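K.L.:
Input: one structure, supplied below.
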Amino acid sequence: MSVLFSMFIYIIQIILPFMGILIIGCCFKSLFSNLSFKHPLIALINKTTGEKIPIVYWENSIGRDKHCDIVVNSPTASRDHAVLYRRDEGWFISDTNSKGGVFLNGSPISSDEKVYINDIIQIGGINYELRKSDVFNDEPEKNSLKNSYNKFYAGGSILAMVSMFQALCTVQMCFAGSSFDYRPITIFAFLFGISWISFIVSKYIIRRSNFELETLGIFLSGIGIMNAVGADIKSTYTQIICLGIGIIFFEIILAFIKDPDMAMKFRPYIAVVAVLLLAVNLVFGKVKNGSQNWVMLGPFSFQPSELVKVAFVFFGSSTLKGIQTTKNLTLFILFSAACMGALFLMGDFGTACIFFVTFILIAFMRSGSIRTVVLTCAAAVIGAGFILKFKPYIVTRFSAWRHVWEHINDTGYQQTRVLTYSASGGLLGLGIGKGALKYVFAAPSDLVFGMLCEEWGVIMGVLIILSIAVLGIYARSASIRSRSAFYSIASCCGAGMLVFQMMLNVFGVVDILPLTGVTLPFISLGGSSLISVWGILAFIKASDERTYAIKR
Amino acid sequence: MKNTRYRSIIIYIVVCFFFAGIGFFLFEFITNSRQWAFSPVNRHLSEGNMSGGKILDTNNIILAQTLDGKRIYNEKEDIRKAMLHTVGDGSVLIPTSVQSRYNSELFGYNPVIGFGAPHVFDINQNIKLTLDSEVCAKVSKSFKDKKGAALAYNYLTGEVLCMVSLPTYDVNNRPNLDENIKDKYEGMYINRAISSSFTPGSIFKIFTTAAALDLIPDVEKRTFECKKVKIIDGEKVTCMSSHGKINLKDAMSKSCDIVFSDIAIELGKEKMKSKMEEYGLNAPEYFDGMQVISSSYDANGASKAELGWSGIGQSKDKVSPFYMLKVMGAIANKGIHVEPFIVKSVFTDSSGEYLNNSKNLSKRMFRETTAESLKEIMRYTMKNQYKDSMFGGIQMCAKTGTAEVGEDKLPHGWMVGFSYDKTFPVAFSVVVENGDFGIKSAGPIAADMIKELHSAFKTGKYEKK
């Protein structure tokens, strides 16, 4: 290879992390913009006092409790009296097991009733009139500038950058070996096809107003796929197919939960299917790499526990009406116990941990009780203590933790390799396909963070995991203005699950936490995992108020 | 929804844990990446596809270089074996070697680019050593498969001229350690010259003499008495023979144990300890910027007889060949030792040499008068006991030692010394593990080394550069 050419390849290598920063920066800039829009949707007028109450959320709790969105100062109102919520068809009012009942235009309501402008809602003896938000007399915010800004990104320019990034990676990969390799070009072609088809479908057929979250997902999944090319090109083809399935799964879930009330009705079935999946796994499961979490279906193998993650978040989420009417978490606790128990039996402690943390997130989001969280954690510590007492061999699996250099050829094998090769890559990396970590067992799945650091550079590795963490922050910001508490909970808890899973993976391989062998969301080689991550991403997408907006 | 909004802050806790973790990782990366990159499991290094700078000896003989992506070592097996512990073998099993320690210079590693820069940007630097690989090869052969170490340096400049450690192996043919040869290659990755310490035996009498010269007035004029065996508080101190009435100079040359045992007991534990520590025992030892094994003196809790034994280099005394080299340099150089160094210069192919390591760091070890007296006593010992013919007529000062190591093993043999002639400013230190009497085991090796170096000096080999 000529000197100039190898310099050219190295310049690409240095450009890549900066392009990555730009792409991720643009995605989040666009995602975070417009989130703090505070204009009230409608107004309620207290007929007794004349007070104008702005309604800013899509779902609003009404009651005597001071934490309610609309506080009713009447001794006859229940703590959580009713929920006023908006759906595509309009506004509805629902009585959430109140003592005094809700009256709409003078008559008591039994089920959810549609409310129109100028209707009178009576709660605890106080009459409220529903009015348009123009009673506040202030100008609607000028969004024209921001909208055009959004359109600029939504128009595919970030995706174009992603494709350019992938093209540059492909050039690198083709020349990684001693001779030219054409195969990365096929990978690129597939990635390009999937990216732009999903963009066109989303923009022109489903008519979504933005595509940044999908762009981010495609960007990260693409890195995972290209990262595995050098190690195992055959499985990258499977991975690309799974990316396609993942994006379809993403759209299916978005469509499925479009109506949160409908989704609520499906929750029990989802839970049953999830438990059955785990049962099938326990009975027919194959042991691979120490845990029995694989099911073979002819030539295909998949991990049911990955799909159960999506079901878990789905089952844990609830609309505000659901939260108000079912105060206890018994069913959810039973379901969680079944899932975690099954995972323990399979020997998949990492995934069990992920479920546990997600359980805490959901339990807190739904109950708001710190006591529940503390008690659950205490129970878990005691439980873990018992498990370690009766099955002490589990401890030996984690014996190398913080002592990996004393176990370079046994329990610290993977961690020492990850550290050695991450350092070999330095901040800028060796170049895609030029690493040596890929020869270590399970490198493109469990040890993928090490591969990223070695071949793409530590900057890129950190950037990628940072983007997953920022995804968590975004999920929280978007959930504030969600169309339903269902989306808020699913989004926050799903994102929390991804961030925690990422931490277990990354900090496990670099010996900050014990090594558990879970996958790195988006990046690790593994079809079930990728599909499941896209499923979770759908919850985050749903929490953004703009997702279900009809494009003008 | 207000509730959901506040409760969702819980996700920030998860994210905070993440930031704490990633911060910790980056901190560890910054502080440890060099060690991680050069860990013995790194295939980038062991499979030799790294480009790397050359390692040259003082006469510009190439000891290691990278050609077509392969690390190639000197073509002569003798030289490869003799230089193994200095140069390293690329697997980073010898962490004290130049290849391990100068990885940034040789392989262009740094935490920013890792090993990633393409060959065009190679900023591999070459390293020129102060060692003479040909002398090293001959000295290494003189060991005849015995274990041990030999060192020689220029006591005026600090340049280490010879450093070998045995057992060694050929980089191109690393032995597979099965049971049959395990013993033969025991500790083959250790550079015994700097990383091992041994019981000194009679060479320790140099320190006892120094303490006596410092603390006992007119000790050189005193007469001691040796009756072969002395009972002290019911414990025995024994000598090789009955020397009768004897002065300090003769006690040294005849290596009388009783005399030095008496001196140690006379000085007492406290004074012995403080003097030994003044001479650098029990202190951390550094060579070329790395910490190496320190030498130790410990008479804590010793009985009188044990204190006596500690004065003649038995008991708990331990010295390293490297430390003894410095001591020899100090005595030769009026009590001041010049810090030995091994890297002469670091340079790139295009630019000239830019790092000259001959900083001539020096430090006083002995009083000048003490050093001068010791020098004369050691010269006297050489002349009368070992004879100048041993070094082919070269005027040397020396002392041998035979360190009993107990059990049924042969004693360690030592010989340390330096040239009396300032135009040949060389000090040396040789130890042979379980080699029998110092004069029999270490003596011939020292003689070979000094004769080689002397002829190199006299023919001006080191002056052309």
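Labels for the structure tokens follow display order: chains A, B, ..., residues from 1 in each chain, ligands from 1.
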Could you name the residues that touch segment 424-429 of chain B at 10 Å or less, counting only C-alpha atoms, but leaving out those on the same chain fewer than 2 positions away, as a PyMOL selection string?
P.N.:
chain B and resi 149-163+193+320-333+394-400+414-422+431+442+446+449-450+453-458
K.L.:
Those residues with C-alpha atoms, as a compact mmCIF listing (two decimals), in the first residue's frame please?
P.N.:
# COMPACT_ATOMS: atom_id res chain seq x y z
CA ALA B 149 25.15 -12.43 37.19
CA ALA B 150 28.07 -10.27 36.15
CA LEU B 151 28.28 -6.49 35.88
CA ALA B 152 31.00 -4.05 34.95
CA TYR B 153 30.89 -0.30 34.56
CA ASN B 154 33.00 2.73 34.00
CA TYR B 155 33.20 4.21 37.46
CA LEU B 156 34.06 7.66 36.17
CA THR B 157 31.20 8.04 33.68
CA GLY B 158 28.63 5.55 34.98
CA GLU B 159 28.32 3.69 31.66
CA VAL B 160 27.48 0.04 32.29
CA LEU B 161 29.70 -1.94 29.94
CA CYS B 162 28.67 -5.47 30.74
CA MET B 163 25.54 -6.90 32.29
CA ALA B 193 22.10 -8.52 38.12
CA SER B 320 22.49 -7.42 44.94
CA PRO B 321 25.20 -7.56 42.26
CA PHE B 322 24.09 -4.11 41.11
CA TYR B 323 24.53 -2.57 44.54
CA MET B 324 27.97 -4.17 44.92
CA LEU B 325 28.93 -2.62 41.60
CA LYS B 326 28.05 0.81 42.94
CA VAL B 327 30.03 0.15 46.11
CA MET B 328 33.06 -0.78 44.05
CA GLY B 329 32.63 2.35 41.99
CA ALA B 330 32.47 4.45 45.15
CA ILE B 331 35.63 2.99 46.65
CA ALA B 332 37.47 3.44 43.38
CA ASN B 333 36.26 7.00 43.08
CA ILE B 394 46.21 -5.65 35.14
CA GLN B 395 46.41 -3.87 38.50
CA MET B 396 43.13 -4.52 40.26
CA CYS B 397 41.67 -4.21 43.75
CA ALA B 398 39.29 -7.00 44.69
CA LYS B 399 37.62 -9.14 47.28
CA THR B 400 36.08 -12.55 46.94
CA TRP B 414 31.34 -13.72 44.72
CA MET B 415 34.09 -11.54 43.38
CA VAL B 416 33.88 -7.76 43.40
CA GLY B 417 36.52 -5.21 42.58
CA PHE B 418 37.80 -2.38 40.45
CA SER B 419 40.82 -1.26 38.52
CA TYR B 420 43.60 0.50 40.40
CA ASP B 421 44.57 2.23 37.19
CA LYS B 422 42.61 5.41 36.44
CA VAL B 431 28.12 -13.71 41.58
CA ALA B 442 33.37 -16.02 40.24
CA ALA B 446 35.65 -11.72 36.54
CA MET B 449 35.45 -9.91 31.78
CA ILE B 450 38.21 -7.57 32.95
CA LEU B 453 37.28 -4.87 28.73
CA HIS B 454 40.92 -3.97 29.26
CA SER B 455 41.90 -4.89 25.75
CA ALA B 456 38.86 -2.98 24.45
CA PHE B 457 39.96 0.09 26.39
CA LYS B 458 43.57 -0.22 25.33
K.L.:
Which chain A residues are at most 6 Å from chain B (counting only C-alpha atoms), as a short mmCIF file (atom, residue, chain, number, x, y, z; two decimals) with N, CA, C and O atoms, in the first residue's frame?
P.N.:
data_model
loop_
_atom_site.label_atom_id
_atom_site.label_comp_id
_atom_site.auth_asym_id
_atom_site.auth_seq_id
_atom_site.Cartn_x
_atom_site.Cartn_y
_atom_site.Cartn_z
N ASN A 60 -54.51 14.23 33.17
CA ASN A 60 -54.44 15.06 34.36
C ASN A 60 -55.24 14.42 35.48
O ASN A 60 -56.40 14.05 35.30
N ASP A 69 -52.73 16.99 39.54
CA ASP A 69 -52.49 18.05 38.55
C ASP A 69 -53.51 19.17 38.74
O ASP A 69 -53.19 20.34 38.58
N MET A 365 -41.92 4.57 39.69
CA MET A 365 -42.66 5.45 38.80
C MET A 365 -44.17 5.32 39.04
O MET A 365 -44.92 6.27 38.91
N LEU A 419 -8.85 -4.74 28.54
CA LEU A 419 -8.03 -3.61 28.99
C LEU A 419 -6.78 -3.47 28.13
O LEU A 419 -6.44 -2.38 27.68
N THR A 420 -6.13 -4.60 27.87
CA THR A 420 -4.91 -4.57 27.07
C THR A 420 -5.18 -3.97 25.69
O THR A 420 -4.47 -3.08 25.23
N ALA A 423 -6.21 -0.27 25.54
CA ALA A 423 -5.03 0.58 25.65
C ALA A 423 -4.25 0.57 24.34
O ALA A 423 -3.72 1.60 23.92
N SER A 424 -4.21 -0.60 23.68
CA SER A 424 -3.49 -0.67 22.40
C SER A 424 -4.13 0.25 21.37
O SER A 424 -3.45 0.80 20.51
N GLY A 425 -5.44 0.39 21.46
CA GLY A 425 -6.12 1.24 20.49
C GLY A 425 -5.91 2.72 20.78
O GLY A 425 -5.87 3.52 19.87
N GLY A 426 -5.77 3.04 22.06
CA GLY A 426 -5.62 4.45 22.41
C GLY A 426 -6.89 5.23 22.14
O GLY A 426 -7.94 4.66 21.87
N LEU A 427 -6.80 6.55 22.18
CA LEU A 427 -7.99 7.37 22.01
C LEU A 427 -8.51 7.29 20.58
O LEU A 427 -9.70 7.42 20.34
N LEU A 428 -7.62 7.08 19.61
CA LEU A 428 -8.06 7.15 18.21
C LEU A 428 -8.22 5.78 17.54
O LEU A 428 -8.75 5.70 16.44
N GLY A 429 -7.77 4.72 18.19
CA GLY A 429 -8.03 3.39 17.65
C GLY A 429 -7.04 2.94 16.59
O GLY A 429 -6.27 3.72 16.04
N LEU A 430 -7.08 1.62 16.31
CA LEU A 430 -6.16 1.03 15.35
C LEU A 430 -6.72 1.03 13.94
O LEU A 430 -6.00 0.85 12.98
N ILE A 480 -42.07 13.96 30.13
CA ILE A 480 -42.79 15.01 30.85
C ILE A 480 -44.01 15.46 30.04
O ILE A 480 -45.05 15.79 30.59
N GLY A 496 -34.07 3.46 31.20
CA GLY A 496 -33.30 3.10 32.39
C GLY A 496 -32.74 1.69 32.25
O GLY A 496 -31.60 1.42 32.60
#
K.L.:
Atom CA of Lys128 of chain B and atom CA of Ser100 of chain B are how many Å apart?
P.N.:
15.0 Å
K.L.:
Env of segment 483-490 of chain A: 7 Å cut, atoms = only C-alpha atoms, seq-sep filter 4 positions within chain, self excluded. Answer as a list of chain:residue names.
P.N.:
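My reading of the contact set: A:Trp58, A:Glu59, A:Pro260, A:Val313, A:Phe314, A:Ser317, A:Ser318, A:Thr319, A:Leu320, A:Ile362, A:Met365, A:Ser479, A:Gly494, A:Phe539, A:Ala542, A:Ser543, A:Glu545, B:Met1, B:Thr4.
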K.L.:
Restricting it to N, CA, C and O atoms, dump the selection as a PDB file, in the first residue's frame.
P.N.:
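Heads up, here's the output in out-v9.pdb:
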ATOM      1  N   TRP A  58     -51.497  15.806  28.800  1.00  0.00           N
ATOM      2  CA  TRP A  58     -52.501  15.017  28.086  1.00  0.00           C
ATOM      3  C   TRP A  58     -53.332  14.192  29.044  1.00  0.00           C
ATOM      4  O   TRP A  58     -54.462  13.836  28.755  1.00  0.00           O
ATOM      5  N   GLU A  59     -52.751  13.856  30.194  1.00  0.00           N
ATOM      6  CA  GLU A  59     -53.505  13.131  31.210  1.00  0.00           C
ATOM      7  C   GLU A  59     -53.351  13.896  32.520  1.00  0.00           C
ATOM      8  O   GLU A  59     -52.234  14.236  32.911  1.00  0.00           O
ATOM      9  N   PRO A 260     -53.244   4.141  24.040  1.00  0.00           N
ATOM     10  CA  PRO A 260     -52.760   3.566  25.311  1.00  0.00           C
ATOM     11  C   PRO A 260     -53.840   2.782  26.056  1.00  0.00           C
ATOM     12  O   PRO A 260     -53.533   1.839  26.771  1.00  0.00           O
ATOM     13  N   VAL A 313     -41.386  -4.251  30.331  1.00  0.00           N
ATOM     14  CA  VAL A 313     -41.614  -2.804  30.379  1.00  0.00           C
ATOM     15  C   VAL A 313     -43.065  -2.505  30.008  1.00  0.00           C
ATOM     16  O   VAL A 313     -43.738  -1.695  30.641  1.00  0.00           O
ATOM     17  N   PHE A 314     -43.551  -3.212  28.995  1.00  0.00           N
ATOM     18  CA  PHE A 314     -44.920  -3.024  28.535  1.00  0.00           C
ATOM     19  C   PHE A 314     -45.899  -3.301  29.667  1.00  0.00           C
ATOM     20  O   PHE A 314     -46.795  -2.517  29.967  1.00  0.00           O
ATOM     21  N   SER A 317     -45.948  -0.696  32.545  1.00  0.00           N
ATOM     22  CA  SER A 317     -46.426   0.659  32.293  1.00  0.00           C
ATOM     23  C   SER A 317     -47.938   0.741  32.454  1.00  0.00           C
ATOM     24  O   SER A 317     -48.639  -0.262  32.386  1.00  0.00           O
ATOM     25  N   SER A 318     -48.393   1.964  32.654  1.00  0.00           N
ATOM     26  CA  SER A 318     -49.827   2.125  32.860  1.00  0.00           C
ATOM     27  C   SER A 318     -50.223   3.567  32.571  1.00  0.00           C
ATOM     28  O   SER A 318     -49.444   4.491  32.771  1.00  0.00           O
ATOM     29  N   THR A 319     -51.474   3.738  32.089  1.00  0.00           N
ATOM     30  CA  THR A 319     -51.995   5.100  31.929  1.00  0.00           C
ATOM     31  C   THR A 319     -52.287   5.666  33.310  1.00  0.00           C
ATOM     32  O   THR A 319     -52.327   4.942  34.306  1.00  0.00           O
ATOM     33  N   LEU A 320     -52.515   6.978  33.360  1.00  0.00           N
ATOM     34  CA  LEU A 320     -52.796   7.615  34.641  1.00  0.00           C
ATOM     35  C   LEU A 320     -54.063   7.014  35.261  1.00  0.00           C
ATOM     36  O   LEU A 320     -54.135   6.784  36.468  1.00  0.00           O
ATOM     37  N   ILE A 362     -39.868   0.843  37.638  1.00  0.00           N
ATOM     38  CA  ILE A 362     -41.309   0.827  37.361  1.00  0.00           C
ATOM     39  C   ILE A 362     -42.093   0.993  38.656  1.00  0.00           C
ATOM     40  O   ILE A 362     -43.021   1.803  38.742  1.00  0.00           O
ATOM     41  N   MET A 365     -41.915   4.569  39.693  1.00  0.00           N
ATOM     42  CA  MET A 365     -42.660   5.452  38.799  1.00  0.00           C
ATOM     43  C   MET A 365     -44.168   5.317  39.045  1.00  0.00           C
ATOM     44  O   MET A 365     -44.920   6.270  38.906  1.00  0.00           O
ATOM     45  N   SER A 479     -40.722  12.367  28.376  1.00  0.00           N
ATOM     46  CA  SER A 479     -41.849  11.767  29.091  1.00  0.00           C
ATOM     47  C   SER A 479     -42.658  12.800  29.860  1.00  0.00           C
ATOM     48  O   SER A 479     -43.798  12.559  30.211  1.00  0.00           O
ATOM     49  N   GLY A 494     -37.841   1.896  30.191  1.00  0.00           N
ATOM     50  CA  GLY A 494     -37.133   1.242  29.090  1.00  0.00           C
ATOM     51  C   GLY A 494     -35.741   1.819  28.926  1.00  0.00           C
ATOM     52  O   GLY A 494     -34.750   1.088  28.814  1.00  0.00           O
ATOM     53  N   PHE A 539     -40.752   2.528  22.774  1.00  0.00           N
ATOM     54  CA  PHE A 539     -41.374   3.163  23.936  1.00  0.00           C
ATOM     55  C   PHE A 539     -40.860   4.589  24.101  1.00  0.00           C
ATOM     56  O   PHE A 539     -41.608   5.495  24.450  1.00  0.00           O
ATOM     57  N   ALA A 542     -42.423   6.717  21.517  1.00  0.00           N
ATOM     58  CA  ALA A 542     -43.839   6.989  21.788  1.00  0.00           C
ATOM     59  C   ALA A 542     -44.009   8.104  22.813  1.00  0.00           C
ATOM     60  O   ALA A 542     -45.013   8.813  22.810  1.00  0.00           O
ATOM     61  N   SER A 543     -43.000   8.249  23.688  1.00  0.00           N
ATOM     62  CA  SER A 543     -43.156   9.243  24.754  1.00  0.00           C
ATOM     63  C   SER A 543     -43.027  10.665  24.222  1.00  0.00           C
ATOM     64  O   SER A 543     -43.433  11.609  24.889  1.00  0.00           O
ATOM     65  N   GLU A 545     -44.107  13.736  22.379  1.00  0.00           N
ATOM     66  CA  GLU A 545     -45.440  14.224  22.009  1.00  0.00           C
ATOM     67  C   GLU A 545     -45.622  14.293  20.490  1.00  0.00           C
ATOM     68  O   GLU A 545     -46.710  14.116  19.958  1.00  0.00           O
TER      69      GLU A 545
ATOM     70  N   MET B   1     -50.011  13.533  36.004  1.00  0.00           N
ATOM     71  CA  MET B   1     -48.754  13.576  35.248  1.00  0.00           C
ATOM     72  C   MET B   1     -47.666  14.310  36.018  1.00  0.00           C
ATOM     73  O   MET B   1     -46.492  14.044  35.819  1.00  0.00           O
ATOM     74  N   THR B   4     -45.775  11.696  37.817  1.00  0.00           N
ATOM     75  CA  THR B   4     -44.905  10.950  36.913  1.00  0.00           C
ATOM     76  C   THR B   4     -43.659  11.757  36.607  1.00  0.00           C
ATOM     77  O   THR B   4     -42.552  11.240  36.574  1.00  0.00           O
TER      78      THR B   4
END
K.L.:
Would you work out the distance separating atom CA of Leu22 of chain A from atom CA of Ile158 of chain A, expressed in Å to one decimal?
P.N.:
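Going from atom CA of Leu22 of chain A over to atom CA of Ile158 of chain A, I get 9.1 Å.
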K.L.:
Taking the DSSP assignment computed from this structure's backbone, write out as a ChimeraX atom specification all residues of segment 48-274 of chain A that belong to helix (DSSP H, G or I).
P.N.:
/A:133-136,144-174,183-205,212-229,233-256,260-274
K.L.:
Looking at B:Ser373, B:Asn124, B:Gln291, B:Ser274, which one is nearest to Leu213 of chain B, with distances taken over only C-alpha atoms?
P.N.:
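The answer is B:Ser373, which sits nearest to Leu213 of chain B.
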K.L.:
Hey, which of A:Met19, A:Ile117, A:Ala231, A:Ala384 ends up closest to Leu437 of chain A? Count only C-alpha atoms.
P.N.:
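Closest candidate: A:Ala231.
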K.L.:
Which residues come within 8 Å of Leu84 of chain B, counting only C-alpha atoms, excluding same-chain residues fewer than 2 positions away, as a list of chain:residue names?
P.N.:
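Residues meeting the cut-off are B:Arg80, B:Lys81, B:Ala82, B:Thr86, B:Val87, B:Gly88, B:Asp89, B:Thr168, B:Tyr169, B:Asp170, B:Val171.
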K.L.:
Can those selected residues be exported to a file as a PDB file, in the first residue's frame so that it contains N, CA, C and O atoms?
P.N.:
ATOM      1  N   ARG B  80      22.546 -12.935  21.381  1.00  0.00           N
ATOM      2  CA  ARG B  80      21.126 -12.944  21.741  1.00  0.00           C
ATOM      3  C   ARG B  80      20.930 -13.421  23.173  1.00  0.00           C
ATOM      4  O   ARG B  80      20.180 -12.845  23.949  1.00  0.00           O
ATOM      5  N   LYS B  81      21.649 -14.501  23.518  1.00  0.00           N
ATOM      6  CA  LYS B  81      21.505 -15.054  24.867  1.00  0.00           C
ATOM      7  C   LYS B  81      22.050 -14.099  25.919  1.00  0.00           C
ATOM      8  O   LYS B  81      21.430 -13.898  26.962  1.00  0.00           O
ATOM      9  N   ALA B  82      23.198 -13.511  25.649  1.00  0.00           N
ATOM     10  CA  ALA B  82      23.830 -12.641  26.644  1.00  0.00           C
ATOM     11  C   ALA B  82      23.013 -11.377  26.853  1.00  0.00           C
ATOM     12  O   ALA B  82      22.965 -10.835  27.956  1.00  0.00           O
ATOM     13  N   THR B  86      18.685  -7.688  29.014  1.00  0.00           N
ATOM     14  CA  THR B  86      18.785  -6.255  28.774  1.00  0.00           C
ATOM     15  C   THR B  86      17.801  -5.833  27.688  1.00  0.00           C
ATOM     16  O   THR B  86      17.064  -4.863  27.840  1.00  0.00           O
ATOM     17  N   VAL B  87      17.788  -6.599  26.594  1.00  0.00           N
ATOM     18  CA  VAL B  87      16.992  -6.210  25.427  1.00  0.00           C
ATOM     19  C   VAL B  87      15.526  -6.604  25.604  1.00  0.00           C
ATOM     20  O   VAL B  87      14.627  -5.828  25.303  1.00  0.00           O
ATOM     21  N   GLY B  88      15.296  -7.807  26.112  1.00  0.00           N
ATOM     22  CA  GLY B  88      13.921  -8.304  26.232  1.00  0.00           C
ATOM     23  C   GLY B  88      13.609  -9.234  25.094  1.00  0.00           C
ATOM     24  O   GLY B  88      14.410  -9.379  24.157  1.00  0.00           O
ATOM     25  N   ASP B  89      12.460  -9.903  25.162  1.00  0.00           N
ATOM     26  CA  ASP B  89      12.152 -10.872  24.114  1.00  0.00           C
ATOM     27  C   ASP B  89      10.819 -10.602  23.415  1.00  0.00           C
ATOM     28  O   ASP B  89      10.281 -11.458  22.738  1.00  0.00           O
ATOM     29  N   THR B 168      19.871 -18.039  30.863  1.00  0.00           N
ATOM     30  CA  THR B 168      19.277 -17.248  29.800  1.00  0.00           C
ATOM     31  C   THR B 168      18.814 -18.199  28.713  1.00  0.00           C
ATOM     32  O   THR B 168      18.993 -19.417  28.837  1.00  0.00           O
ATOM     33  N   TYR B 169      18.186 -17.674  27.685  1.00  0.00           N
ATOM     34  CA  TYR B 169      17.749 -18.527  26.585  1.00  0.00           C
ATOM     35  C   TYR B 169      17.800 -17.711  25.297  1.00  0.00           C
ATOM     36  O   TYR B 169      17.938 -16.494  25.330  1.00  0.00           O
ATOM     37  N   ASP B 170      17.660 -18.418  24.216  1.00  0.00           N
ATOM     38  CA  ASP B 170      17.700 -17.766  22.916  1.00  0.00           C
ATOM     39  C   ASP B 170      16.299 -17.261  22.569  1.00  0.00           C
ATOM     40  O   ASP B 170      15.346 -18.029  22.569  1.00  0.00           O
ATOM     41  N   VAL B 171      16.188 -15.950  22.283  1.00  0.00           N
ATOM     42  CA  VAL B 171      14.882 -15.370  21.931  1.00  0.00           C
ATOM     43  C   VAL B 171      14.236 -16.122  20.785  1.00  0.00           C
ATOM     44  O   VAL B 171      13.012 -16.256  20.721  1.00  0.00           O
TER      45      VAL B 171
END
K.L.:
At what distance in Å, to one decimal, does atom CA of Asp262 of chain B lie from atom CA of Thr369 of chain B?
P.N.:
22.5 Å
K.L.:
Pick out the residues sitting within 9 Å of Leu361 of chain B, and hand them over as a list in words; count only C-alpha atoms, and ignore anything fewer than 4 positions along from it in its own chain.
P.N.:
Gly158, His337, Val338, Glu339 and Pro340 of chain B
K.L.:
Could you save the residues just selected, with N, CA and C atoms, as a short mmCIF file (atom, residue, chain, number, x, y, z; two decimals), in the first residue's frame?
P.N.:
data_model
loop_
_atom_site.label_atom_id
_atom_site.label_comp_id
_atom_site.auth_asym_id
_atom_site.auth_seq_id
_atom_site.Cartn_x
_atom_site.Cartn_y
_atom_site.Cartn_z
N GLY B 158 29.89 6.22 34.63
CA GLY B 158 28.63 5.55 34.98
C GLY B 158 28.13 4.61 33.90
N HIS B 337 30.08 7.53 44.35
CA HIS B 337 29.76 6.63 43.23
C HIS B 337 28.99 7.41 42.17
N VAL B 338 29.34 7.15 40.94
CA VAL B 338 28.61 7.73 39.82
C VAL B 338 27.50 6.75 39.48
N GLU B 339 26.29 7.25 39.35
CA GLU B 339 25.13 6.39 39.12
C GLU B 339 25.30 5.62 37.80
N PRO B 340 25.23 4.29 37.85
CA PRO B 340 25.37 3.53 36.60
C PRO B 340 24.15 3.75 35.71
#
K.L.:
I need the residues of segment 279-321 of chain B that end up classed as strand (DSSP E) by DSSP on the backbone, written out as a VMD selection string.
P.N.:
chain B and resid 285 to 287 290 to 292
K.L.:
Find the residues near segment 308-311 of chain A: any atom within 8 Å, counting only C-alpha atoms, skip ones fewer than 5 places away on the same chain, and give them as JSON, numbers by chain.
P.N.:
{"A": [270, 271, 274, 277, 278, 355, 494, 532, 535, 536]}
K.L.:
Please provide the set of residues having any atom within 12 Å of Ile126 of chain A, restricted to only C-alpha atoms, with same-chain residues fewer than 4 positions apart removed, written as a ChimeraX atom specification.
P.N.:
/A:44-51,62-64,71-77,100-104,106,120-122
K.L.:
May I have the residues from that selection written out with C-alpha atoms, as an mmCIF file, in the first residue's frame?
P.N.:
data_model
loop_
_atom_site.group_PDB
_atom_site.id
_atom_site.type_symbol
_atom_site.label_atom_id
_atom_site.label_comp_id
_atom_site.auth_asym_id
_atom_site.auth_seq_id
_atom_site.Cartn_x
_atom_site.Cartn_y
_atom_site.Cartn_z
ATOM 1 C CA LEU A 44 -60.769 24.725 33.224
ATOM 2 C CA ILE A 45 -62.629 27.613 34.841
ATOM 3 C CA ASN A 46 -63.663 27.240 38.446
ATOM 4 C CA LYS A 47 -67.198 28.575 38.354
ATOM 5 C CA THR A 48 -67.182 29.462 42.074
ATOM 6 C CA THR A 49 -63.956 31.428 42.233
ATOM 7 C CA GLY A 50 -63.507 32.290 38.559
ATOM 8 C CA GLU A 51 -59.965 30.835 38.680
ATOM 9 C CA ILE A 62 -58.057 15.629 39.622
ATOM 10 C CA GLY A 63 -58.509 15.343 43.374
ATOM 11 C CA ARG A 64 -58.060 16.730 46.853
ATOM 12 C CA VAL A 71 -56.296 20.236 43.045
ATOM 13 C CA VAL A 72 -59.921 20.409 44.153
ATOM 14 C CA ASN A 73 -60.262 22.285 47.419
ATOM 15 C CA SER A 74 -63.371 20.552 48.642
ATOM 16 C CA PRO A 75 -63.776 18.191 51.589
ATOM 17 C CA THR A 76 -66.168 16.029 49.584
ATOM 18 C CA ALA A 77 -63.645 15.381 46.805
ATOM 19 C CA GLY A 100 -68.687 11.550 45.573
ATOM 20 C CA GLY A 101 -68.771 10.779 41.870
ATOM 21 C CA VAL A 102 -68.259 13.022 38.851
ATOM 22 C CA PHE A 103 -71.109 14.975 37.237
ATOM 23 C CA LEU A 104 -70.963 16.059 33.617
ATOM 24 C CA GLY A 106 -75.415 17.821 35.849
ATOM 25 C CA ILE A 120 -69.489 21.703 33.067
ATOM 26 C CA ILE A 121 -67.718 19.108 35.172
ATOM 27 C CA GLN A 122 -68.727 18.912 38.813
#
